[in-house]
>>> print(open('final.cif').read())   # mmCIF, C-alpha atoms
data_start
#
loop_
_atom_site.label_atom_id
_atom_site.label_comp_id
_atom_site.auth_asym_id
_atom_site.auth_seq_id
_atom_site.Cartn_x
_atom_site.Cartn_y
_atom_site.Cartn_z
CA MET A 1 28.18 5.55 38.90
CA ALA A 2 29.08 9.05 40.04
CA GLY A 3 29.83 11.55 37.31
CA VAL A 4 28.17 9.46 34.61
CA THR A 5 24.80 10.57 33.25
CA LEU A 6 22.05 8.04 32.65
CA GLY A 7 22.40 8.78 28.93
CA ASP A 8 26.10 7.92 29.03
CA GLU A 9 25.38 4.80 31.09
CA THR A 10 22.82 3.72 28.49
CA ALA A 11 25.18 4.39 25.58
CA SER A 12 27.89 2.28 27.23
CA LEU A 13 25.49 -0.61 27.84
CA LEU A 14 24.20 -0.35 24.27
CA GLN A 15 27.74 -0.52 22.87
CA ARG A 16 28.31 -3.77 24.76
CA LEU A 17 24.99 -5.18 23.56
CA ILE A 18 25.69 -4.34 19.92
CA ARG A 19 29.08 -6.08 20.12
CA LEU A 20 27.20 -9.30 20.88
CA ASN A 21 26.00 -10.63 17.53
CA THR A 22 22.42 -11.73 18.18
CA VAL A 23 21.23 -11.93 14.58
CA SER A 24 18.25 -14.26 14.41
CA PRO A 25 18.64 -16.98 13.40
CA PRO A 26 20.52 -18.34 15.30
CA GLY A 27 19.97 -15.56 17.84
CA ASN A 28 22.28 -16.51 20.71
CA GLU A 29 20.30 -14.06 22.87
CA THR A 30 21.48 -15.80 26.05
CA GLU A 31 24.74 -13.87 25.71
CA ALA A 32 22.82 -10.60 25.80
CA ALA A 33 20.61 -11.83 28.66
CA ARG A 34 23.67 -12.69 30.76
CA LEU A 35 25.25 -9.32 30.05
CA LEU A 36 22.06 -7.58 31.14
CA GLN A 37 21.73 -9.82 34.19
CA ALA A 38 25.25 -8.87 35.31
CA TYR A 39 24.57 -5.19 34.66
CA LEU A 40 21.38 -5.23 36.74
CA ALA A 41 23.13 -7.09 39.56
CA GLN A 42 25.40 -4.06 40.02
CA SER A 43 22.30 -2.16 41.18
CA GLY A 44 21.11 -4.97 43.44
CA VAL A 45 18.56 -6.33 40.96
CA GLU A 46 18.08 -10.10 40.83
CA ALA A 47 17.09 -10.88 37.27
CA ARG A 48 15.92 -14.33 36.20
CA LEU A 49 16.77 -16.04 32.92
CA VAL A 50 13.92 -18.12 31.51
CA ALA A 51 14.44 -20.15 28.36
CA LYS A 52 12.67 -22.64 26.14
CA ASP A 53 16.00 -23.00 24.31
CA GLU A 54 19.05 -22.54 26.55
CA GLY A 55 20.86 -20.58 23.85
CA ARG A 56 17.98 -18.12 23.52
CA ALA A 57 17.12 -16.96 27.01
CA ASN A 58 14.70 -14.27 28.13
CA LEU A 59 15.44 -12.01 31.10
CA VAL A 60 12.77 -11.04 33.62
CA ALA A 61 13.08 -8.82 36.70
CA ARG A 62 10.57 -7.22 39.05
CA LEU A 63 10.55 -4.11 41.21
CA PRO A 64 7.75 -4.67 43.77
CA GLY A 65 5.12 -1.98 44.13
CA ALA A 66 2.37 -1.02 46.53
CA GLY A 67 -0.53 -2.78 44.82
CA GLY A 68 -1.31 -0.15 42.20
CA PRO A 69 -1.32 -0.58 38.42
CA SER A 70 1.63 -2.60 37.17
CA LEU A 71 3.90 -1.64 34.28
CA LEU A 72 5.97 -3.88 31.99
CA LEU A 73 9.02 -2.48 30.19
CA VAL A 74 9.62 -4.86 27.30
CA GLY A 75 12.10 -5.17 24.46
CA HIS A 76 13.75 -7.83 22.32
CA THR A 77 17.48 -8.56 22.17
CA ASP A 78 17.63 -10.29 18.76
CA THR A 79 18.26 -8.41 15.51
CA VAL A 80 17.95 -8.89 11.78
CA ARG A 81 20.98 -9.57 9.57
CA ALA A 82 23.46 -6.95 8.45
CA GLU A 83 25.61 -7.01 5.31
CA PRO A 84 28.96 -5.48 6.37
CA GLU A 85 29.86 -4.46 2.80
CA ASP A 86 26.84 -2.11 2.78
CA TRP A 87 27.86 -0.33 5.97
CA THR A 88 30.20 2.60 6.58
CA ARG A 89 31.28 0.95 9.85
CA ASP A 90 31.37 -2.58 11.21
CA PRO A 91 27.72 -3.41 12.07
CA TRP A 92 28.86 -4.92 15.38
CA SER A 93 31.39 -2.25 16.33
CA GLY A 94 29.16 -0.29 18.69
CA ASP A 95 31.20 2.78 17.73
CA LEU A 96 30.31 6.08 19.39
CA VAL A 97 30.68 8.77 16.73
CA GLY A 98 29.37 12.32 16.85
CA GLY A 99 27.01 11.59 19.72
CA GLU A 100 25.55 8.48 18.05
CA VAL A 101 26.02 4.77 18.77
CA TRP A 102 26.41 2.76 15.56
CA GLY A 103 25.52 -0.86 14.94
CA ARG A 104 22.88 -3.41 14.11
CA GLY A 105 20.07 -3.15 16.61
CA ALA A 106 20.80 0.42 17.73
CA LEU A 107 17.25 1.41 16.77
CA ASP A 108 15.61 -2.03 16.56
CA MET A 109 15.80 -2.43 19.41
CA LYS A 110 18.88 -2.76 21.59
CA GLY A 111 18.82 0.99 22.26
CA HIS A 112 15.33 0.60 23.71
CA VAL A 113 16.49 -2.47 25.67
CA ALA A 114 19.46 -0.60 27.14
CA ALA A 115 17.30 2.39 28.11
CA ALA A 116 14.72 0.15 29.80
CA ALA A 117 17.45 -1.69 31.71
CA VAL A 118 19.08 1.57 32.86
CA ALA A 119 15.74 3.08 33.88
CA PHE A 120 14.91 -0.05 35.88
CA ALA A 121 18.37 -0.30 37.47
CA SER A 122 18.50 3.40 38.39
CA LEU A 123 15.11 3.24 40.11
CA ALA A 124 16.18 0.11 42.00
CA ARG A 125 19.42 1.62 43.30
CA GLU A 126 17.55 4.75 44.39
CA GLY A 127 15.27 2.58 46.53
CA PHE A 128 12.20 3.69 44.62
CA ARG A 129 8.94 1.90 45.44
CA PRO A 130 6.39 2.32 42.65
CA ALA A 131 2.62 2.44 42.98
CA GLY A 132 2.46 -0.96 41.29
CA ASP A 133 5.03 -3.56 40.27
CA ILE A 134 7.49 -2.56 37.57
CA VAL A 135 8.47 -5.58 35.46
CA LEU A 136 11.37 -5.74 33.03
CA ALA A 137 11.23 -8.35 30.24
CA LEU A 138 14.07 -8.37 27.72
CA THR A 139 13.27 -11.19 25.38
CA ALA A 140 14.48 -13.35 22.52
CA ASP A 141 13.06 -14.22 19.13
CA GLU A 142 10.98 -11.28 17.99
CA GLU A 143 12.39 -10.92 14.48
CA VAL A 144 11.57 -14.46 13.31
CA GLY A 145 8.96 -15.65 15.79
CA ASP A 146 9.88 -19.27 16.52
CA ASP A 147 7.90 -19.17 19.80
CA LEU A 148 10.98 -18.79 22.00
CA GLY A 149 10.42 -15.27 23.29
CA LEU A 150 7.46 -13.25 24.51
CA SER A 151 4.88 -15.45 22.77
CA TRP A 152 6.11 -18.41 24.82
CA LEU A 153 6.59 -16.40 28.01
CA ALA A 154 3.08 -14.93 27.89
CA ARG A 155 1.52 -18.33 27.25
CA GLU A 156 3.61 -20.60 29.50
CA HIS A 157 4.92 -18.20 32.17
CA GLY A 158 2.30 -15.50 32.22
CA GLU A 159 2.79 -14.89 35.93
CA LEU A 160 6.28 -13.53 35.20
CA VAL A 161 5.19 -10.86 32.71
CA ARG A 162 1.53 -10.23 33.54
CA SER A 163 0.92 -6.51 33.92
CA ASP A 164 -1.80 -3.91 33.55
CA PHE A 165 0.23 -1.78 31.16
CA ALA A 166 3.28 -2.22 28.94
CA LEU A 167 5.66 -0.03 26.94
CA ASN A 168 7.22 -1.59 23.86
CA GLU A 169 8.51 -0.54 20.45
CA GLY A 170 6.32 0.88 17.69
CA GLY A 171 6.08 4.62 18.36
CA GLY A 172 7.66 7.68 19.88
CA ASP A 173 8.65 9.57 16.73
CA ARG A 174 8.54 13.35 17.03
CA CYS A 175 6.79 14.90 14.02
CA VAL A 176 6.07 18.51 13.13
CA PHE A 177 2.93 19.03 11.01
CA GLY A 178 1.59 22.46 10.18
CA GLY A 179 3.91 24.08 12.70
CA ARG A 180 2.66 21.88 15.55
CA THR A 181 4.57 19.09 17.27
CA PHE A 182 3.22 15.58 17.75
CA TYR A 183 4.60 12.40 19.30
CA LEU A 184 3.37 9.13 17.83
CA CYS A 185 2.14 6.38 20.13
CA GLY A 186 1.45 2.92 18.69
CA LEU A 187 -1.89 1.55 19.89
CA ALA A 188 -2.61 -1.23 17.40
CA GLU A 189 -1.09 -3.20 14.55
CA LYS A 190 -2.08 -4.94 11.36
CA THR A 191 -2.35 -8.69 10.91
CA ILE A 192 0.41 -10.53 9.08
CA ALA A 193 -1.48 -12.89 6.74
CA PRO A 194 0.93 -14.22 4.09
CA LEU A 195 -0.27 -16.27 1.15
CA ARG A 196 1.24 -18.46 -1.55
CA LEU A 197 0.27 -18.25 -5.22
CA ARG A 198 0.98 -21.47 -7.13
CA VAL A 199 1.11 -21.22 -10.92
CA THR A 200 1.24 -24.40 -13.01
CA GLY A 201 2.47 -25.02 -16.53
CA ARG A 202 4.42 -27.75 -18.29
CA ALA A 203 8.13 -28.35 -17.83
CA GLY A 204 10.48 -28.82 -20.77
CA HIS A 205 13.95 -28.26 -22.15
CA ALA A 206 14.89 -24.59 -22.15
CA SER A 207 16.36 -24.88 -25.65
CA MET A 208 12.86 -25.63 -27.04
CA PRO A 209 10.53 -23.27 -25.16
CA ALA A 210 7.66 -23.76 -27.64
CA LEU A 211 7.23 -27.34 -26.42
CA SER A 212 6.68 -26.28 -22.81
CA ASP A 213 4.38 -23.99 -20.87
CA ASN A 214 6.57 -21.74 -18.76
CA ALA A 215 4.96 -21.27 -15.33
CA LEU A 216 7.40 -18.48 -14.49
CA VAL A 217 6.31 -16.44 -17.50
CA LYS A 218 2.65 -17.07 -16.63
CA ALA A 219 3.31 -15.80 -13.12
CA GLY A 220 4.45 -12.40 -14.35
CA PRO A 221 1.01 -10.89 -15.14
CA LEU A 222 -0.41 -12.37 -11.94
CA ILE A 223 2.31 -10.69 -9.87
CA GLU A 224 1.57 -7.42 -11.60
CA ALA A 225 -2.15 -7.84 -10.90
CA ILE A 226 -1.42 -8.31 -7.20
CA ALA A 227 0.83 -5.24 -7.17
CA ARG A 228 -1.92 -3.15 -8.80
CA LEU A 229 -4.69 -4.31 -6.50
CA GLU A 230 -6.17 -1.56 -4.31
CA PRO A 231 -8.29 -2.99 -1.50
CA PRO A 232 -11.08 -0.73 -0.19
CA ARG A 233 -10.03 1.92 2.31
CA THR A 234 -11.47 2.51 5.75
CA LEU A 235 -10.68 4.82 8.64
CA LEU A 236 -9.79 2.96 11.82
CA PRO A 237 -10.64 4.78 15.09
CA GLU A 238 -6.94 5.37 15.79
CA VAL A 239 -6.45 6.85 12.32
CA GLU A 240 -9.51 9.06 12.76
CA ARG A 241 -8.05 10.40 16.02
CA PHE A 242 -4.67 10.96 14.35
CA LEU A 243 -6.27 12.92 11.51
CA LEU A 244 -8.42 14.90 13.91
CA GLU A 245 -5.35 15.94 15.88
CA ILE A 246 -3.19 16.94 12.91
CA LEU A 247 -5.91 18.35 10.60
CA GLY A 248 -8.49 19.57 13.08
CA GLU A 249 -11.16 17.41 11.44
CA VAL A 250 -11.70 13.88 10.12
CA PRO A 251 -12.00 14.01 6.32
CA PRO A 252 -13.91 11.38 4.32
CA VAL A 253 -11.85 8.27 3.67
CA GLU A 254 -11.76 9.08 -0.07
CA VAL A 255 -9.68 12.22 0.54
CA ALA A 256 -7.97 11.43 3.84
CA LEU A 257 -4.67 10.48 2.25
CA GLU A 258 -4.61 13.53 0.00
CA ARG A 259 -5.37 15.81 2.95
CA ALA A 260 -2.57 14.23 4.98
CA ARG A 261 -0.13 14.54 2.06
CA ALA A 262 -1.03 18.20 1.57
CA LEU A 263 -0.14 18.84 5.21
CA HIS A 264 3.17 16.94 5.12
CA PRO A 265 4.59 13.98 3.13
CA LEU A 266 5.45 12.21 6.39
CA ALA A 267 1.83 12.40 7.52
CA ALA A 268 0.84 10.58 4.33
CA LEU A 269 3.51 7.91 4.94
CA ILE A 270 2.00 7.29 8.38
CA VAL A 271 -1.58 7.11 7.13
CA GLU A 272 -1.31 5.31 3.79
CA PRO A 273 -0.38 1.75 4.91
CA VAL A 274 -3.11 1.65 7.55
CA LEU A 275 -6.02 2.75 5.37
CA ALA A 276 -6.39 -0.69 3.77
CA ALA A 277 -4.94 -4.16 3.46
CA THR A 278 -1.64 -4.30 1.58
CA LEU A 279 -0.18 -7.04 -0.65
CA SER A 280 3.52 -7.19 -1.50
CA PRO A 281 4.94 -10.08 -3.58
CA THR A 282 8.27 -10.83 -1.91
CA MET A 283 9.52 -14.32 -2.82
CA ILE A 284 9.45 -16.49 -5.93
CA GLU A 285 10.61 -20.02 -6.71
CA ALA A 286 10.52 -21.80 -10.03
CA SER A 287 13.05 -23.97 -11.87
CA ARG A 288 16.23 -24.79 -10.02
CA GLN A 289 18.17 -25.64 -13.16
CA LEU A 290 19.35 -23.33 -15.91
CA ASN A 291 18.18 -25.44 -18.84
CA VAL A 292 14.78 -26.52 -17.47
CA VAL A 293 11.62 -24.53 -18.16
CA PRO A 294 9.65 -24.55 -14.89
CA GLY A 295 6.41 -26.47 -14.84
CA SER A 296 5.41 -24.74 -11.61
CA CYS A 297 6.11 -21.44 -9.93
CA GLU A 298 5.39 -20.33 -6.38
CA VAL A 299 5.06 -16.70 -5.33
CA VAL A 300 4.86 -15.73 -1.67
CA VAL A 301 2.94 -12.55 -0.93
CA ASP A 302 3.29 -10.55 2.27
CA CYS A 303 -0.29 -9.51 3.06
CA ARG A 304 -1.12 -7.18 5.94
CA LEU A 305 -4.77 -6.96 6.96
CA LEU A 306 -6.36 -4.21 9.01
CA PRO A 307 -7.24 -5.09 12.62
CA GLY A 308 -10.52 -6.99 12.52
CA GLN A 309 -10.12 -8.19 8.93
CA ALA A 310 -9.76 -11.84 7.93
CA PRO A 311 -8.40 -13.43 4.72
CA ALA A 312 -11.98 -14.20 3.69
CA ASP A 313 -12.64 -10.46 3.50
CA LEU A 314 -9.90 -9.97 0.91
CA GLU A 315 -9.90 -13.24 -1.04
CA PRO A 316 -12.87 -12.50 -3.39
CA LEU A 317 -11.24 -9.23 -4.44
CA LEU A 318 -7.92 -10.98 -4.95
CA ARG A 319 -9.40 -13.79 -7.04
CA ALA A 320 -11.28 -11.31 -9.20
CA ALA A 321 -8.06 -9.38 -9.84
CA LEU A 322 -6.16 -12.54 -10.84
CA GLY A 323 -8.89 -13.81 -13.14
CA LYS A 324 -9.15 -17.32 -14.52
CA GLY A 325 -6.00 -19.32 -15.08
CA ASP A 326 -3.72 -22.13 -13.97
CA TRP A 327 -3.17 -20.98 -10.42
CA ASP A 328 -4.39 -21.50 -6.88
CA LEU A 329 -4.09 -19.64 -3.59
CA GLU A 330 -3.07 -20.86 -0.16
CA TRP A 331 -3.19 -18.70 2.96
CA LEU A 332 -0.25 -19.59 5.19
CA ASP A 333 -2.29 -19.83 8.37
CA ARG A 334 0.59 -20.99 10.54
CA LEU A 335 2.32 -17.65 9.91
CA ARG A 336 -0.75 -15.49 10.56
CA VAL A 337 -0.33 -13.28 13.62
CA GLY A 338 -1.18 -9.81 14.87
CA GLY A 339 -4.20 -7.60 14.43
CA SER A 340 -4.54 -6.57 18.08
CA GLY A 341 -4.92 -3.17 19.69
CA SER A 342 -5.24 -1.36 23.00
CA PRO A 343 -7.65 1.37 24.10
CA LEU A 344 -6.80 5.05 24.13
CA ASP A 345 -7.29 7.45 27.07
CA THR A 346 -5.92 5.08 29.70
CA GLU A 347 -3.70 5.86 32.69
CA LEU A 348 -0.70 4.94 30.56
CA TRP A 349 -1.78 7.35 27.82
CA HIS A 350 -2.06 10.20 30.31
CA ALA A 351 1.30 9.31 31.87
CA LEU A 352 2.95 9.54 28.45
CA GLN A 353 1.20 12.83 27.66
CA SER A 354 2.44 14.22 30.99
CA TRP A 355 6.02 13.38 29.92
CA VAL A 356 5.46 15.12 26.59
CA ASP A 357 4.10 18.14 28.48
CA LEU A 358 7.30 18.30 30.52
CA VAL A 359 9.81 18.01 27.67
CA GLU A 360 7.90 20.02 25.06
CA PRO A 361 4.94 22.03 26.33
CA GLY A 362 2.19 22.29 23.74
CA ALA A 363 3.14 19.08 21.93
CA ARG A 364 0.49 16.39 21.59
CA LEU A 365 0.53 12.62 21.89
CA VAL A 366 -1.29 11.06 18.91
CA PRO A 367 -2.26 7.43 18.24
CA THR A 368 -0.99 5.41 15.31
CA VAL A 369 -1.48 1.90 13.95
CA CYS A 370 1.69 -0.06 13.23
CA SER A 371 1.82 -1.45 9.71
CA GLY A 372 4.30 -4.06 10.94
CA PHE A 373 4.23 -6.38 13.95
CA THR A 374 5.44 -6.21 17.54
CA ASP A 375 5.44 -8.54 20.53
CA SER A 376 2.77 -6.33 22.11
CA HIS A 377 0.27 -8.58 20.35
CA TYR A 378 1.05 -11.51 22.69
CA LEU A 379 0.61 -9.32 25.77
CA ARG A 380 -2.76 -8.07 24.56
CA MET A 381 -4.10 -11.45 23.50
CA SER A 382 -2.72 -13.72 26.24
CA LEU A 383 -2.67 -11.40 29.25
CA ASP A 384 -5.14 -8.60 28.39
CA THR A 385 -2.39 -6.02 28.86
CA VAL A 386 -2.79 -2.47 27.59
CA ALA A 387 0.37 -2.28 25.48
CA TYR A 388 1.63 0.83 23.69
CA GLY A 389 4.59 1.42 21.42
CA PHE A 390 6.60 4.44 22.59
CA PHE A 391 10.31 5.25 22.55
CA PRO A 392 10.99 8.94 21.92
CA LEU A 393 13.16 9.98 19.01
CA ARG A 394 13.73 13.72 19.15
CA ALA A 395 17.31 14.06 17.94
CA MET A 396 16.91 11.98 14.77
CA ASP A 397 14.61 12.81 11.87
CA PRO A 398 11.79 10.22 11.82
CA GLU A 399 12.15 9.58 8.08
CA LEU A 400 15.87 8.87 8.51
CA ALA A 401 15.15 6.57 11.44
CA ALA A 402 12.63 4.63 9.33
CA GLN A 403 15.27 4.11 6.63
CA LEU A 404 17.90 2.92 9.13
CA VAL A 405 15.73 0.29 10.85
CA HIS A 406 16.74 -3.03 9.22
CA GLY A 407 18.98 -0.97 6.90
CA ALA A 408 22.66 -0.13 6.61
CA ASP A 409 24.38 2.34 8.98
CA GLU A 410 21.80 1.89 11.73
CA ARG A 411 22.54 4.18 14.66
CA ILE A 412 20.90 6.10 17.50
CA ALA A 413 21.63 9.41 19.18
CA VAL A 414 22.80 9.32 22.80
CA ALA A 415 20.32 12.16 23.42
CA ASP A 416 17.49 9.84 22.34
CA LEU A 417 18.78 7.10 24.63
CA ALA A 418 18.67 9.60 27.50
CA ASP A 419 15.10 10.53 26.58
CA GLY A 420 14.18 6.85 26.54
CA VAL A 421 15.48 6.39 30.09
CA ASP A 422 13.68 9.55 31.14
CA VAL A 423 10.28 8.51 29.81
CA PHE A 424 10.53 5.02 31.31
CA ARG A 425 11.47 6.49 34.70
CA HIS A 426 8.73 9.12 34.45
CA VAL A 427 5.96 6.65 33.63
CA SER A 428 7.18 4.29 36.35
CA GLN A 429 6.99 7.16 38.85
CA VAL A 430 3.62 8.70 37.89
CA LEU A 431 1.57 5.66 36.88
CA GLY A 432 -0.98 5.01 39.61
CA GLU A 433 0.01 8.18 41.45
CA SER A 434 -3.59 9.37 41.67
CA ALA A 435 -4.65 6.08 43.26
CA LEU A 436 -2.22 6.76 46.17
CA THR A 437 -3.36 10.35 46.68
CA PRO A 438 -6.22 10.82 49.15
CA ALA A 439 -9.33 12.35 47.66
#
>>> encode(input="final.cif", output="structure tokens")
Amino acid sequence: MAGVTLGDETASLLQRLIRLNTVSPPGNETEAARLLQAYLAQSGVEARLVAKDEGRANLVARLPGAGGPSLLLVGHTDTVRAEPEDWTRDPWSGDLVGGEVWGRGALDMKGHVAAAAVAFASLAREGFRPAGDIVLALTADEEVGDDLGLSWLAREHGELVRSDFALNEGGGDRCVFGGRTFYLCGLAEKTIAPLRLRVTGRAGHASMPALSDNALVKAGPLIEAIARLEPPRTLLPEVERFLLEILGEVPPVEVALERARALHPLAALIVEPVLAATLSPTMIEASRQLNVVPGSCEVVVDCRLLPGQAPADLEPLLRAALGKGDWDLEWLDRLRVGGSGSPLDTELWHALQSWVDLVEPGARLVPTVCSGFTDSHYLRMSLDTVAYGFFPLRAMDPELAAQLVHGADERIAVADLADGVDVFRHVSQVLGESALTPA
């Protein structure tokens, strides 16, 4: 592809990916997998499609190495929904405007997918032989988690994606605190532990409310009690290291958030959700008919626990906050997932810091804990992979990027796509380098 930069190549591939609507459900990720398979074939890469559901295929490819540490480049091809009326442009246009590619999935995470594919393809066509195998896994079903993507691959086809190290989503933001530059690297994530609150009353005709006991009305104070609840705070090791890097010391947990906020509001936004468990009421269901007072009401609460916490650690506090009444709690165990982490100061960590040193001397890589969830969890738990979240965003303000993920007018700078390719190529080239150098 003479005359075309890797950034341009990535932008073009991303435009084509965005124009394939892979909103999950239904997903239809096989269309994206076939597009990527054809793209990789142009560079002599034989990519394999592996599917539990033929309409929702995963793509896997391998660049053989010399027996050193292996690296997995991973990303998901499905996206969340988009409401076109909320967007300035068609969410599936893939328009290139002002150096940015627009569309659903540009940031989460088709841009990352395109960069990983281009990095892999460019190394293959250059005849590069890495220290250890480089594996590419571009997978389905991350947004909903119906066990069709990396969870299934890691469990049922572990030999295809097993690796020592992995790079996924969940970090890479460039932040400036106190005049110093930091790049975030996701090392761990909280546990998704949703629960259902059932409130009971007595149904009746809505025209005579005094003869009934409205469960929806009774739910109101309980919802407010959940929203007000403040679980105890603790400093995770990753958060301690983050604070040490940006503040020069680790403050007591009681003042950690205030110290971070005094330095920069963004620092507080990074720290706050990972100091404690969080509870967010998100869904409610009561009467399904206008003139019927509901005799029952169900509230679903999105609860995120710190790594290492279990529902039993939070439940006594939650029950005390709700008090006595006509309600009961049910933890939705089948939806519980996450809570894993990877160690710091590994070969992968140092490879990423060496990239940061090259692009911005003096900047520091700092660990973070993801308040959400990524597929890295399945790699850590099923395959014992050291998995980090890192995709550099230097051209876009991190607060804007956070608003655009799952939001309207999602887009990514071509410059950031080029950086993504660069970091994937760099890590692929330097990982295990020391093991091949004679002492």
>>> residues_around(input="final.cif", residues="segment 295-305 of chain A", least_positions_apart="3", cutoff="6 Å", atoms="all atoms listed in the file", output="ChimeraX atom specification")
/A:190-203,215-216,277-286,309
>>> resolve_selection(input="final.cif", expression="the PyMOL selection byres ((chain A and resi 83-94) around 6)", output="MDAnalysis selection string")
chainID A and resid 15 18:19 82 95 101:104 408:409
>>> resolve_selection(input="final.cif", expression="the PyMOL selection byres ((chain A and resi 169) around 10)", output="ChimeraX atom specification")
/A:73-76,107-109,112-113,167-168,170-172,185-186,370,373-376,387-392
>>> resolve_selection(input="final.cif", expression="the PyMOL selection byres ((chain A and resi 138) around 12)", output="PyMOL selection string")
chain A and resi 29-30+32-37+47-51+56-62+72-78+109-117+120+135-137+139-142+149-150+153+160-161+167-168+375
>>> residues_around(input="final.cif", residues="Val239 of chain A", least_positions_apart="5", cutoff="10 Å", atoms="all atoms listed in the file", output="PyMOL selection string")
chain A and resi 234+244-245+250+256+270-271+274-275+366-369
>>> closest_residue(input="final.cif", among="A:Val118, A:Val217, A:Ser354, A:Gly132", to="Gln42 of chain A", atoms="all atoms listed in the file")
A:Val118
>>> closest_residue(input="final.cif", among="A:Ala401, A:Ala119, A:Arg411, A:Ser24", to="Thr5 of chain A", atoms="only C-alpha atoms")
A:Ala119
>>> build_atoms(input="final.cif", residues="segment 77-90 of chain A", atoms="N, CA and C atoms", output="PDB file, in the frame of the given file")
ATOM      1  N   THR A  77      16.021  -8.657  22.285  1.00  0.00           N
ATOM      2  CA  THR A  77      17.480  -8.560  22.170  1.00  0.00           C
ATOM      3  C   THR A  77      18.020  -9.152  20.865  1.00  0.00           C
ATOM      4  N   ASP A  78      17.167  -9.772  20.046  1.00  0.00           N
ATOM      5  CA  ASP A  78      17.630 -10.290  18.760  1.00  0.00           C
ATOM      6  C   ASP A  78      17.548  -9.190  17.708  1.00  0.00           C
ATOM      7  N   THR A  79      18.265  -9.382  16.608  1.00  0.00           N
ATOM      8  CA  THR A  79      18.260  -8.410  15.510  1.00  0.00           C
ATOM      9  C   THR A  79      18.124  -9.140  14.175  1.00  0.00           C
ATOM     10  N   VAL A  80      17.904  -8.346  13.134  1.00  0.00           N
ATOM     11  CA  VAL A  80      17.950  -8.890  11.780  1.00  0.00           C
ATOM     12  C   VAL A  80      19.410  -8.917  11.312  1.00  0.00           C
ATOM     13  N   ARG A  81      19.631  -9.464  10.136  1.00  0.00           N
ATOM     14  CA  ARG A  81      20.980  -9.570   9.570  1.00  0.00           C
ATOM     15  C   ARG A  81      21.519  -8.196   9.185  1.00  0.00           C
ATOM     16  N   ALA A  82      22.809  -8.147   8.990  1.00  0.00           N
ATOM     17  CA  ALA A  82      23.460  -6.950   8.450  1.00  0.00           C
ATOM     18  C   ALA A  82      24.506  -7.420   7.443  1.00  0.00           C
ATOM     19  N   GLU A  83      24.604  -6.714   6.330  1.00  0.00           N
ATOM     20  CA  GLU A  83      25.610  -7.010   5.310  1.00  0.00           C
ATOM     21  C   GLU A  83      26.748  -6.006   5.473  1.00  0.00           C
ATOM     22  N   PRO A  84      27.879  -6.424   6.055  1.00  0.00           N
ATOM     23  CA  PRO A  84      28.960  -5.480   6.370  1.00  0.00           C
ATOM     24  C   PRO A  84      29.415  -4.639   5.181  1.00  0.00           C
ATOM     25  N   GLU A  85      29.381  -5.206   3.971  1.00  0.00           N
ATOM     26  CA  GLU A  85      29.860  -4.460   2.800  1.00  0.00           C
ATOM     27  C   GLU A  85      28.967  -3.253   2.491  1.00  0.00           C
ATOM     28  N   ASP A  86      27.747  -3.228   3.024  1.00  0.00           N
ATOM     29  CA  ASP A  86      26.840  -2.110   2.780  1.00  0.00           C
ATOM     30  C   ASP A  86      26.994  -0.997   3.814  1.00  0.00           C
ATOM     31  N   TRP A  87      27.755  -1.265   4.857  1.00  0.00           N
ATOM     32  CA  TRP A  87      27.860  -0.330   5.970  1.00  0.00           C
ATOM     33  C   TRP A  87      29.126   0.519   5.879  1.00  0.00           C
ATOM     34  N   THR A  88      29.032   1.732   6.452  1.00  0.00           N
ATOM     35  CA  THR A  88      30.200   2.600   6.580  1.00  0.00           C
ATOM     36  C   THR A  88      31.123   2.097   7.678  1.00  0.00           C
ATOM     37  N   ARG A  89      30.530   1.492   8.710  1.00  0.00           N
ATOM     38  CA  ARG A  89      31.280   0.950   9.850  1.00  0.00           C
ATOM     39  C   ARG A  89      30.879  -0.494  10.078  1.00  0.00           C
ATOM     40  N   ASP A  90      31.683  -1.199  10.841  1.00  0.00           N
ATOM     41  CA  ASP A  90      31.370  -2.580  11.210  1.00  0.00           C
ATOM     42  C   ASP A  90      30.020  -2.587  11.932  1.00  0.00           C
TER      43      ASP A  90
END
